[in-house]
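Shown next: protein-v5.txt, containing compact mmCIF, C-alpha atoms.
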```txt
# COMPACT_ATOMS: atom_id res chain seq x y z
CA MET A 1 -24.61 -102.16 -97.70
CA LYS A 2 -25.41 -101.35 -94.07
CA ASN A 3 -25.13 -105.04 -93.10
CA ALA A 4 -21.83 -105.34 -95.00
CA LEU A 5 -20.36 -102.41 -93.06
CA GLN A 6 -21.52 -103.93 -89.80
CA SER A 7 -19.87 -107.22 -90.77
CA ILE A 8 -16.63 -105.45 -91.73
CA ARG A 9 -16.57 -103.60 -88.40
CA ALA A 10 -17.26 -106.91 -86.61
CA PHE A 11 -14.33 -108.63 -88.32
CA VAL A 12 -11.91 -105.74 -87.66
CA THR A 13 -12.92 -105.65 -83.98
CA VAL A 14 -12.43 -109.41 -83.62
CA ALA A 15 -9.04 -109.22 -85.36
CA HIS A 16 -7.81 -106.56 -82.93
CA ALA A 17 -9.33 -108.14 -79.81
CA GLY A 18 -8.14 -111.65 -80.67
CA HIS A 19 -11.21 -113.10 -78.98
CA PHE A 20 -14.89 -113.23 -79.93
CA ALA A 21 -16.15 -112.59 -76.40
CA LYS A 22 -14.01 -109.48 -75.95
CA ALA A 23 -14.99 -108.14 -79.38
CA ALA A 24 -18.67 -108.85 -78.71
CA ALA A 25 -18.47 -106.85 -75.46
CA GLN A 26 -16.86 -103.90 -77.28
CA LEU A 27 -19.63 -103.91 -79.90
CA HIS A 28 -22.40 -104.57 -77.36
CA LEU A 29 -23.38 -107.79 -79.15
CA SER A 30 -23.74 -111.38 -78.07
CA PRO A 31 -20.89 -113.70 -79.20
CA SER A 32 -23.34 -115.63 -81.36
CA ALA A 33 -24.58 -112.47 -83.12
CA LEU A 34 -20.98 -111.38 -83.72
CA THR A 35 -20.13 -114.79 -85.15
CA VAL A 36 -23.05 -114.52 -87.59
CA GLN A 37 -21.83 -111.11 -88.81
CA VAL A 38 -18.31 -112.38 -89.47
CA GLN A 39 -19.66 -115.46 -91.24
CA GLN A 40 -21.84 -113.24 -93.46
CA LEU A 41 -18.74 -111.25 -94.45
CA GLU A 42 -16.84 -114.44 -95.26
CA GLN A 43 -19.74 -115.69 -97.39
CA TRP A 44 -19.92 -112.34 -99.17
CA LEU A 45 -16.17 -112.38 -99.97
CA GLY A 46 -16.03 -116.12 -100.64
CA VAL A 47 -12.99 -116.67 -98.41
CA ALA A 48 -12.36 -117.57 -94.77
CA LEU A 49 -10.97 -114.64 -92.77
CA LEU A 50 -10.52 -116.33 -89.40
CA ASP A 51 -9.11 -119.70 -88.39
CA ARG A 52 -11.17 -120.70 -85.38
CA GLY A 53 -10.22 -123.46 -82.94
CA PRO A 54 -11.29 -124.49 -79.44
CA ARG A 55 -8.38 -122.63 -77.91
CA HIS A 56 -7.13 -120.30 -80.63
CA LEU A 57 -8.28 -117.62 -83.06
CA GLU A 58 -6.00 -116.56 -85.89
CA LEU A 59 -6.27 -114.61 -89.10
CA THR A 60 -6.09 -116.60 -92.30
CA GLU A 61 -3.90 -115.40 -95.16
CA ALA A 62 -7.00 -113.76 -96.69
CA GLY A 63 -7.77 -112.18 -93.31
CA ARG A 64 -4.25 -110.69 -93.04
CA GLN A 65 -4.43 -109.32 -96.57
CA ASN A 66 -7.91 -107.83 -96.17
CA LEU A 67 -7.55 -106.38 -92.67
CA PRO A 68 -5.59 -103.18 -93.65
CA HIS A 69 -8.03 -102.40 -96.46
CA MET A 70 -11.04 -102.85 -94.20
CA GLU A 71 -9.43 -100.71 -91.49
CA GLN A 72 -8.87 -97.94 -94.04
CA LEU A 73 -12.43 -98.29 -95.34
CA LEU A 74 -13.86 -97.84 -91.82
CA LEU A 75 -11.53 -94.88 -91.18
CA ASP A 76 -12.59 -93.21 -94.43
CA LEU A 77 -16.24 -93.82 -93.58
CA ASP A 78 -15.84 -92.34 -90.10
CA ASN A 79 -14.07 -89.30 -91.56
CA LEU A 80 -16.81 -88.90 -94.17
CA VAL A 81 -19.54 -89.00 -91.54
CA ALA A 82 -17.67 -86.53 -89.31
CA SER A 83 -17.06 -84.20 -92.27
CA ASN A 84 -20.72 -84.17 -93.26
CA ARG A 85 -21.81 -83.63 -89.69
CA ASP A 86 -19.51 -80.62 -89.59
CA LEU A 87 -21.09 -79.36 -92.81
CA ALA A 88 -24.60 -79.86 -91.48
CA ALA A 89 -23.64 -78.11 -88.23
CA LEU A 90 -21.97 -75.28 -90.23
CA ARG A 91 -18.58 -75.85 -88.59
CA ARG A 92 -16.79 -76.05 -91.93
CA GLY A 93 -17.44 -75.66 -95.66
CA THR A 94 -17.17 -73.23 -98.57
CA VAL A 95 -19.70 -70.94 -100.24
CA GLU A 96 -19.11 -69.66 -103.78
CA LEU A 97 -21.03 -66.43 -104.47
CA ALA A 98 -21.28 -64.13 -107.51
CA ALA A 99 -22.70 -60.65 -106.94
CA LEU A 100 -23.10 -57.26 -108.60
CA PRO A 101 -20.26 -54.82 -107.76
CA SER A 102 -22.75 -52.36 -106.25
CA LEU A 103 -23.82 -55.00 -103.71
CA CYS A 104 -20.21 -55.95 -102.98
CA SER A 105 -19.62 -52.39 -101.76
CA SER A 106 -22.86 -52.01 -99.78
CA LEU A 107 -25.04 -54.87 -98.53
CA LEU A 108 -22.51 -57.71 -98.68
CA PRO A 109 -19.62 -56.51 -96.45
CA VAL A 110 -21.86 -56.03 -93.42
CA ALA A 111 -23.70 -59.30 -94.02
CA LEU A 112 -20.48 -61.27 -94.56
CA LYS A 113 -18.97 -59.83 -91.38
CA HIS A 114 -22.02 -61.04 -89.44
CA PHE A 115 -21.86 -64.43 -91.17
CA GLY A 116 -18.17 -64.76 -90.30
CA HIS A 117 -18.91 -64.18 -86.62
CA LEU A 118 -21.67 -66.80 -86.68
CA HIS A 119 -19.78 -69.41 -88.73
CA PRO A 120 -16.01 -68.81 -88.55
CA GLY A 121 -15.26 -72.20 -90.14
CA ILE A 122 -17.10 -71.36 -93.38
CA GLU A 123 -15.03 -69.87 -96.21
CA VAL A 124 -16.85 -67.46 -98.54
CA ARG A 125 -15.46 -66.94 -102.05
CA LEU A 126 -16.93 -63.80 -103.57
CA ARG A 127 -16.86 -62.86 -107.26
CA ASP A 128 -17.91 -59.30 -108.08
CA VAL A 129 -19.12 -59.40 -111.68
CA VAL A 130 -21.77 -57.80 -113.90
CA ALA A 131 -25.31 -59.15 -114.11
CA GLN A 132 -24.85 -61.37 -117.18
CA GLN A 133 -21.81 -63.02 -115.64
CA VAL A 134 -23.71 -63.63 -112.40
CA GLU A 135 -26.42 -65.39 -114.39
CA ASP A 136 -23.90 -67.37 -116.45
CA GLN A 137 -21.91 -68.54 -113.42
CA VAL A 138 -25.02 -69.69 -111.56
CA ARG A 139 -26.28 -71.53 -114.63
CA ALA A 140 -22.88 -73.21 -115.10
CA GLY A 141 -22.80 -74.28 -111.46
CA SER A 142 -19.47 -72.55 -110.79
CA VAL A 143 -21.06 -70.69 -107.86
CA ASP A 144 -23.65 -71.75 -105.30
CA PHE A 145 -25.88 -68.73 -105.94
CA GLY A 146 -25.83 -65.18 -107.26
CA LEU A 147 -27.01 -61.75 -106.14
CA SER A 148 -28.25 -59.70 -109.06
CA VAL A 149 -31.22 -58.39 -111.02
CA ALA A 150 -33.70 -60.92 -112.40
CA PRO A 151 -32.04 -63.08 -115.08
CA ARG A 152 -32.86 -62.35 -118.70
CA SER A 153 -33.65 -66.02 -119.26
CA ALA A 154 -35.41 -67.77 -116.36
CA ALA A 155 -34.92 -71.24 -117.86
CA GLY A 156 -33.32 -73.48 -115.25
CA LEU A 157 -33.01 -70.65 -112.74
CA ARG A 158 -34.95 -69.49 -109.70
CA PHE A 159 -35.10 -65.81 -108.61
CA GLU A 160 -36.02 -64.81 -105.06
CA PRO A 161 -36.48 -61.02 -104.66
CA LEU A 162 -34.58 -59.43 -101.78
CA LEU A 163 -34.84 -55.65 -102.10
CA VAL A 164 -35.58 -52.76 -104.43
CA ASP A 165 -32.50 -50.70 -105.29
CA ARG A 166 -33.09 -47.22 -106.72
CA ILE A 167 -30.86 -45.75 -109.38
CA CYS A 168 -30.05 -42.18 -108.38
CA LEU A 169 -28.40 -39.17 -109.97
CA LEU A 170 -24.93 -38.50 -108.60
CA LEU A 171 -23.49 -35.03 -109.23
CA PRO A 172 -21.23 -32.41 -107.60
CA LEU A 173 -22.74 -30.37 -104.77
CA ASP A 174 -22.28 -27.14 -106.73
CA HIS A 175 -23.94 -28.48 -109.90
CA PRO A 176 -26.81 -26.26 -111.18
CA LEU A 177 -29.25 -29.19 -111.01
CA ASN A 178 -28.59 -29.58 -107.28
CA ASP A 179 -30.95 -26.76 -106.34
CA GLY A 180 -33.54 -28.64 -104.28
CA ARG A 181 -36.18 -29.00 -106.99
CA PRO A 182 -37.61 -32.43 -107.91
CA LEU A 183 -35.81 -33.92 -110.90
CA THR A 184 -36.99 -36.25 -113.63
CA LEU A 185 -35.13 -38.02 -116.40
CA ALA A 186 -36.06 -35.14 -118.73
CA HIS A 187 -33.72 -32.82 -116.80
CA LEU A 188 -30.83 -35.00 -117.99
CA ASP A 189 -31.58 -34.50 -121.70
CA ALA A 190 -28.25 -33.78 -123.46
CA GLN A 191 -26.42 -33.34 -120.14
CA PRO A 192 -22.82 -34.70 -120.04
CA MET A 193 -23.13 -38.17 -118.54
CA ILE A 194 -20.54 -40.57 -117.17
CA LEU A 195 -21.69 -44.09 -118.00
CA THR A 196 -20.68 -47.49 -116.71
CA GLY A 197 -19.42 -50.24 -119.06
CA ARG A 198 -21.61 -51.56 -121.84
CA ASP A 199 -22.03 -54.93 -120.10
CA SER A 200 -23.40 -53.25 -116.97
CA SER A 201 -27.07 -53.79 -116.13
CA VAL A 202 -27.28 -50.14 -115.03
CA ARG A 203 -25.91 -48.94 -118.37
CA MET A 204 -28.42 -51.00 -120.31
CA GLN A 205 -31.31 -49.80 -118.13
CA VAL A 206 -30.29 -46.14 -118.53
CA GLU A 207 -29.89 -46.38 -122.31
CA ARG A 208 -33.25 -48.10 -122.65
CA LEU A 209 -35.01 -45.43 -120.58
CA PHE A 210 -33.46 -42.53 -122.52
CA GLU A 211 -34.53 -44.17 -125.77
CA ASP A 212 -38.06 -44.83 -124.50
CA ARG A 213 -38.42 -41.19 -123.38
CA HIS A 214 -36.92 -39.89 -126.65
CA LEU A 215 -34.17 -38.12 -124.71
CA ARG A 216 -30.62 -37.42 -125.88
CA LEU A 217 -28.00 -39.39 -123.93
CA HIS A 218 -24.75 -37.40 -123.99
CA ARG A 219 -22.05 -40.02 -123.38
CA GLN A 220 -19.26 -37.86 -121.99
CA ILE A 221 -17.04 -40.59 -120.49
CA GLU A 222 -17.37 -44.37 -120.13
CA ALA A 223 -15.89 -46.18 -117.12
CA ASN A 224 -15.99 -49.89 -116.36
CA TYR A 225 -16.07 -49.53 -112.59
CA MET A 226 -18.55 -47.61 -110.47
CA SER A 227 -15.74 -46.35 -108.24
CA THR A 228 -14.13 -44.80 -111.33
CA ALA A 229 -17.40 -43.15 -112.37
CA ILE A 230 -17.78 -41.68 -108.88
CA ALA A 231 -14.22 -40.32 -108.94
CA LEU A 232 -14.88 -38.67 -112.32
CA VAL A 233 -18.02 -37.01 -110.96
CA GLN A 234 -15.99 -35.73 -107.98
CA GLN A 235 -13.70 -34.00 -110.46
CA GLY A 236 -16.65 -32.23 -112.07
CA LEU A 237 -16.39 -34.12 -115.36
CA GLY A 238 -20.09 -34.88 -115.53
CA MET A 239 -22.87 -36.67 -113.65
CA THR A 240 -23.82 -40.31 -113.47
CA LEU A 241 -26.72 -42.61 -112.68
CA LEU A 242 -25.78 -45.34 -110.21
CA PRO A 243 -27.54 -47.63 -107.73
CA GLU A 244 -28.26 -45.88 -104.46
CA SER A 245 -26.65 -48.77 -102.60
CA ALA A 246 -23.31 -48.08 -104.31
CA VAL A 247 -23.08 -44.32 -103.71
CA GLN A 248 -23.93 -44.04 -100.02
CA GLY A 249 -21.33 -42.31 -97.87
CA HIS A 250 -19.99 -39.89 -100.51
CA GLU A 251 -20.61 -36.65 -98.62
CA THR A 252 -18.85 -34.52 -101.23
CA LEU A 253 -21.47 -35.43 -103.84
CA ALA A 254 -25.22 -35.02 -104.12
CA CYS A 255 -27.27 -38.19 -104.56
CA ILE A 256 -30.70 -37.30 -105.89
CA PRO A 257 -33.50 -39.85 -106.44
CA LEU A 258 -35.32 -39.08 -109.68
CA GLU A 259 -39.08 -39.12 -109.96
CA GLU A 260 -38.89 -42.10 -112.29
CA PRO A 261 -40.26 -45.46 -111.04
CA ALA A 262 -38.65 -47.25 -113.98
CA LEU A 263 -35.25 -46.50 -112.44
CA ASN A 264 -35.99 -48.88 -109.57
CA ARG A 265 -34.52 -52.34 -109.94
CA CYS A 266 -35.30 -55.52 -108.05
CA ILE A 267 -32.30 -57.34 -106.55
CA GLY A 268 -32.59 -60.99 -105.55
CA ILE A 269 -30.94 -64.36 -105.06
CA ILE A 270 -30.45 -66.47 -108.22
CA THR A 271 -30.12 -70.25 -107.85
CA ARG A 272 -30.37 -73.25 -110.14
CA SER A 273 -33.94 -74.50 -109.99
CA GLU A 274 -33.01 -78.20 -110.05
CA ARG A 275 -30.35 -78.04 -107.31
CA ALA A 276 -30.87 -77.33 -103.62
CA LEU A 277 -28.35 -75.21 -101.74
CA GLY A 278 -25.96 -76.91 -99.34
CA PRO A 279 -26.15 -76.13 -95.61
CA ALA A 280 -23.51 -73.37 -95.67
CA ALA A 281 -24.89 -71.66 -98.79
CA GLU A 282 -28.44 -71.93 -97.44
CA ALA A 283 -27.35 -70.29 -94.17
CA LEU A 284 -25.70 -67.41 -96.02
CA ALA A 285 -28.72 -66.92 -98.30
CA GLU A 286 -31.01 -66.76 -95.26
CA LEU A 287 -28.76 -64.25 -93.53
CA LEU A 288 -28.68 -62.06 -96.66
CA SER A 289 -32.48 -62.13 -96.75
CA THR A 290 -32.56 -60.98 -93.14
CA HIS A 291 -30.10 -58.16 -93.80
CA ALA A 292 -31.93 -57.06 -96.94
CA ALA A 293 -35.21 -56.93 -95.02
CA ALA A 294 -33.56 -54.78 -92.35
CA VAL A 295 -32.15 -52.41 -94.99
CA GLY A 296 -35.56 -52.05 -96.62
CA ALA A 297 -37.38 -51.53 -93.31
```
As a first step, turn the structure in this file into structure tokens.
Amino acid sequence: MKNALQSIRAFVTVAHAGHFAKAAAQLHLSPSALTVQVQQLEQWLGVALLDRGPRHLELTEAGRQNLPHMEQLLLDLDNLVASNRDLAALRRGTVELAALPSLCSSLLPVALKHFGHLHPGIEVRLRDVVAQQVEDQVRAGSVDFGLSVAPRSAAGLRFEPLLVDRICLLLPLDHPLNDGRPLTLAHLDAQPMILTGRDSSVRMQVERLFEDRHLRLHRQIEANYMSTAIALVQQGLGMTLLPESAVQGHETLACIPLEEPALNRCIGIITRSERALGPAAEALAELLSTHAAAVGA
């Protein structure tokens, strides 16, 4: 194929120059080498493209018909090469990313701002979805990679840990439990709790822990979004357990880490094991690793 492209470029150059010697100089070839390339193309196509004479050089009917197509082919090839060089140099491209809502309100905004400064030509399309949807979208190939907890099924997926995110107790400042003493999950037995949606990884982790500890989980209110759960806590309607990364900056509420190692969760990058990331996605994944390491330092 490489020789065919060279022969096509040789023919197009000769057709525009109208002279073998001029075309050979443009291509930095000898006239004899250029002649061989054009002859190889004619043999490959099975038609004569040029009518050569001692004092003239003209396109044959086949040459006139094929010239526009070959010009377009070379233009498309040049555009393809330039486009891929831009991708490799991170001057353009798109990254599709699925991430947990808690990360979309904490780690990701700062990292994406930094990424945008470094690579302004790269478009990032972010989908904030629950853990199972992150896993499903990565597996289906609808996103380049995901940011979430470890997938339930590792088949066909690769998980690279980034950071440990604690699940903390969020409650009003004047709540009786906010008295400075160390708290455990047992202090939440039968307390009115505001829970996230049933498809939330946090909800499933909390329910499992209460069941394992034989504690009563008082489901006061259920809210699909963490922002809604936080607003309900601010109104004194109960308390909630949320990732520490999602509740930072709420000065009107107390965020108390519980003495419960099982409330820690590992967050990482999920990719398809049989497919390598493209240059833009790889650059974003590396930057997220750097930011996560700085957060955990």
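With only C-alpha atoms taken into account, the protein and nucleic acid residues at most 10 Å from Gln26 in chain A (excluding it and anything under 5 positions from it in its own chain) are A:Ala10, A:Thr13, A:Val14, A:Ala17, A:Phe20, A:Ala21.
Nearest to Gln133 in chain A of all the residues A:Leu74, A:Leu103, A:Ile8, A:Ala98 is A:Ala98, counting all atoms listed in the file.
Of the residues listed (A:Asp51, A:Glu123, A:Asp189, A:Glu260), A:Glu123 shows the shortest atom-to-atom separation from Leu284 in chain A; distances use only C-alpha atoms.
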* Which residue out of A:Arg64, A:Arg181, A:His19, A:His28 has the minimum interatomic distance to Arg52 in chain A when all atoms listed in the file are used? -> A:His19
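Counting only C-alpha atoms, the residue from A:Leu209, A:Ser153, A:Val164, A:Val95 that sits nearest to Glu282 in chain A is A:Val95.
Excluding Val138 in chain A and any residue on its chain fewer than 2 positions from it, the residues at most 10 Å away by all atoms listed in the file are A:Glu96, A:Leu97, A:Ala98, A:Gln133, A:Val134, A:Glu135, A:Asp136, A:Ala140, A:Gly141, A:Ser142, A:Val143, A:Asp144, A:Phe145, A:Gly146, A:Leu147, A:Gly156, A:Leu157, A:Ile270, A:Thr271, A:Arg272.
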Write the residues of the preceding selection, restricted to C-alpha atoms, as a CSV table (one decimal), in the frame of the given file.
```csv
chain,number,residue,atom,x,y,z
A,96,GLU,CA,-19.1,-69.7,-103.8
A,97,LEU,CA,-21.0,-66.4,-104.5
A,98,ALA,CA,-21.3,-64.1,-107.5
A,133,GLN,CA,-21.8,-63.0,-115.6
A,134,VAL,CA,-23.7,-63.6,-112.4
A,135,GLU,CA,-26.4,-65.4,-114.4
A,136,ASP,CA,-23.9,-67.4,-116.4
A,140,ALA,CA,-22.9,-73.2,-115.1
A,141,GLY,CA,-22.8,-74.3,-111.5
A,142,SER,CA,-19.5,-72.6,-110.8
A,143,VAL,CA,-21.1,-70.7,-107.9
A,144,ASP,CA,-23.6,-71.8,-105.3
A,145,PHE,CA,-25.9,-68.7,-105.9
A,146,GLY,CA,-25.8,-65.2,-107.3
A,147,LEU,CA,-27.0,-61.8,-106.1
A,156,GLY,CA,-33.3,-73.5,-115.2
A,157,LEU,CA,-33.0,-70.6,-112.7
A,270,ILE,CA,-30.4,-66.5,-108.2
A,271,THR,CA,-30.1,-70.2,-107.8
A,272,ARG,CA,-30.4,-73.2,-110.1
```
Edge lengths and centre, in Å to one decimal, as lines of an AutoDock Vina configuration file: that's what I need for the box along x, y and z that holds all listed atoms of range 234-249 of chain A plus 4 Å on each side.
```
center_x = -21.0
center_y = -40.5
center_z = -106.7
size_x = 22.6
size_y = 24.5
size_z = 25.7
```
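Counting from CA of Val124 in chain A, the distance to CA of Leu163 in chain A is 21.8 Å.
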* May I have the protein, DNA and RNA residues with any atom at most 12 Å from the point (-20.6, -56.5, -100.6), counting all atoms listed in the file, written as an MDAnalysis selection string? => chainID A and resid 97:113 124:129 147:148 245:246 288 291:292
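Nearest to Leu215 in chain A of all the residues A:Ala186, A:Leu169, A:Val81, A:Ala131 is A:Ala186, based on only C-alpha atoms.
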* Residues around (-29.8, -32.0, -105.9), cut-off 7 Å, counting only C-alpha atoms - what are they as a ChimeraX atom specification? -> /A:177-180,254-256
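CA of Pro31 in chain A is positioned 23.9 Å from CA of Leu73 in chain A.
Distance check against Ala276 in chain A using all atoms listed in the file: of A:Arg216, A:Arg55, A:Arg158, A:His117, the minimum falls on A:Arg158.
Separating CA of Leu57 in chain A from CA of His69 in chain A is a distance of 20.3 Å.
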Quick one: range 185-195 of chain A with all heavy atoms, as a compact mmCIF listing (two decimals), in the coordinates of the input?
```txt
# COMPACT_ATOMS: atom_id res chain seq x y z
N LEU A 185 -36.11 -37.63 -115.38
CA LEU A 185 -35.13 -38.02 -116.40
C LEU A 185 -35.02 -36.93 -117.48
O LEU A 185 -33.95 -36.76 -118.08
CB LEU A 185 -35.57 -39.34 -117.03
CG LEU A 185 -34.47 -40.24 -117.60
CD1 LEU A 185 -33.49 -40.66 -116.50
CD2 LEU A 185 -35.07 -41.48 -118.25
N ALA A 186 -36.08 -36.18 -117.69
CA ALA A 186 -36.06 -35.14 -118.73
C ALA A 186 -35.03 -34.05 -118.43
O ALA A 186 -34.49 -33.42 -119.35
CB ALA A 186 -37.45 -34.50 -118.85
N HIS A 187 -34.73 -33.82 -117.15
CA HIS A 187 -33.72 -32.82 -116.80
C HIS A 187 -32.32 -33.24 -117.24
O HIS A 187 -31.41 -32.41 -117.27
CB HIS A 187 -33.72 -32.57 -115.29
CG HIS A 187 -34.93 -31.84 -114.80
ND1 HIS A 187 -36.02 -32.48 -114.26
CD2 HIS A 187 -35.22 -30.51 -114.78
CE1 HIS A 187 -36.93 -31.59 -113.90
NE2 HIS A 187 -36.48 -30.39 -114.22
N LEU A 188 -32.14 -34.50 -117.59
CA LEU A 188 -30.83 -35.00 -117.99
C LEU A 188 -30.66 -35.02 -119.51
O LEU A 188 -29.64 -35.48 -120.01
CB LEU A 188 -30.61 -36.42 -117.44
CG LEU A 188 -30.83 -36.59 -115.93
CD1 LEU A 188 -30.46 -38.00 -115.51
CD2 LEU A 188 -30.05 -35.56 -115.14
N ASP A 189 -31.64 -34.51 -120.24
CA ASP A 189 -31.58 -34.50 -121.70
C ASP A 189 -30.36 -33.71 -122.16
O ASP A 189 -30.21 -32.52 -121.84
CB ASP A 189 -32.86 -33.85 -122.25
CG ASP A 189 -32.92 -33.87 -123.76
OD1 ASP A 189 -32.48 -34.88 -124.35
OD2 ASP A 189 -33.37 -32.87 -124.35
N ALA A 190 -29.45 -34.38 -122.87
CA ALA A 190 -28.25 -33.78 -123.46
C ALA A 190 -27.23 -33.32 -122.43
O ALA A 190 -26.25 -32.65 -122.78
CB ALA A 190 -28.61 -32.62 -124.38
N GLN A 191 -27.41 -33.69 -121.16
CA GLN A 191 -26.42 -33.34 -120.14
C GLN A 191 -25.21 -34.30 -120.25
O GLN A 191 -25.38 -35.48 -120.55
CB GLN A 191 -27.04 -33.46 -118.75
CG GLN A 191 -28.10 -32.43 -118.43
CD GLN A 191 -27.49 -31.08 -118.05
OE1 GLN A 191 -26.29 -30.97 -117.86
NE2 GLN A 191 -28.33 -30.06 -117.97
N PRO A 192 -24.00 -33.81 -119.99
CA PRO A 192 -22.82 -34.70 -120.04
C PRO A 192 -22.93 -35.80 -118.99
O PRO A 192 -23.01 -35.51 -117.79
CB PRO A 192 -21.65 -33.75 -119.74
CG PRO A 192 -22.17 -32.37 -120.00
CD PRO A 192 -23.63 -32.42 -119.69
N MET A 193 -22.93 -37.05 -119.44
CA MET A 193 -23.13 -38.17 -118.54
C MET A 193 -21.89 -39.07 -118.52
O MET A 193 -21.25 -39.30 -119.54
CB MET A 193 -24.34 -39.01 -118.98
CG MET A 193 -25.67 -38.25 -118.97
SD MET A 193 -26.19 -37.79 -117.31
CE MET A 193 -26.37 -39.40 -116.56
N ILE A 194 -21.58 -39.55 -117.34
CA ILE A 194 -20.54 -40.57 -117.17
C ILE A 194 -21.25 -41.90 -117.04
O ILE A 194 -22.07 -42.09 -116.14
CB ILE A 194 -19.67 -40.28 -115.94
CG1 ILE A 194 -18.94 -38.94 -116.12
CG2 ILE A 194 -18.68 -41.41 -115.70
CD1 ILE A 194 -18.28 -38.43 -114.88
N LEU A 195 -20.96 -42.83 -117.95
CA LEU A 195 -21.69 -44.09 -118.00
C LEU A 195 -20.79 -45.25 -117.60
O LEU A 195 -19.57 -45.23 -117.82
CB LEU A 195 -22.23 -44.33 -119.42
CG LEU A 195 -23.19 -43.27 -119.97
CD1 LEU A 195 -23.59 -43.62 -121.39
CD2 LEU A 195 -24.41 -43.13 -119.07
```
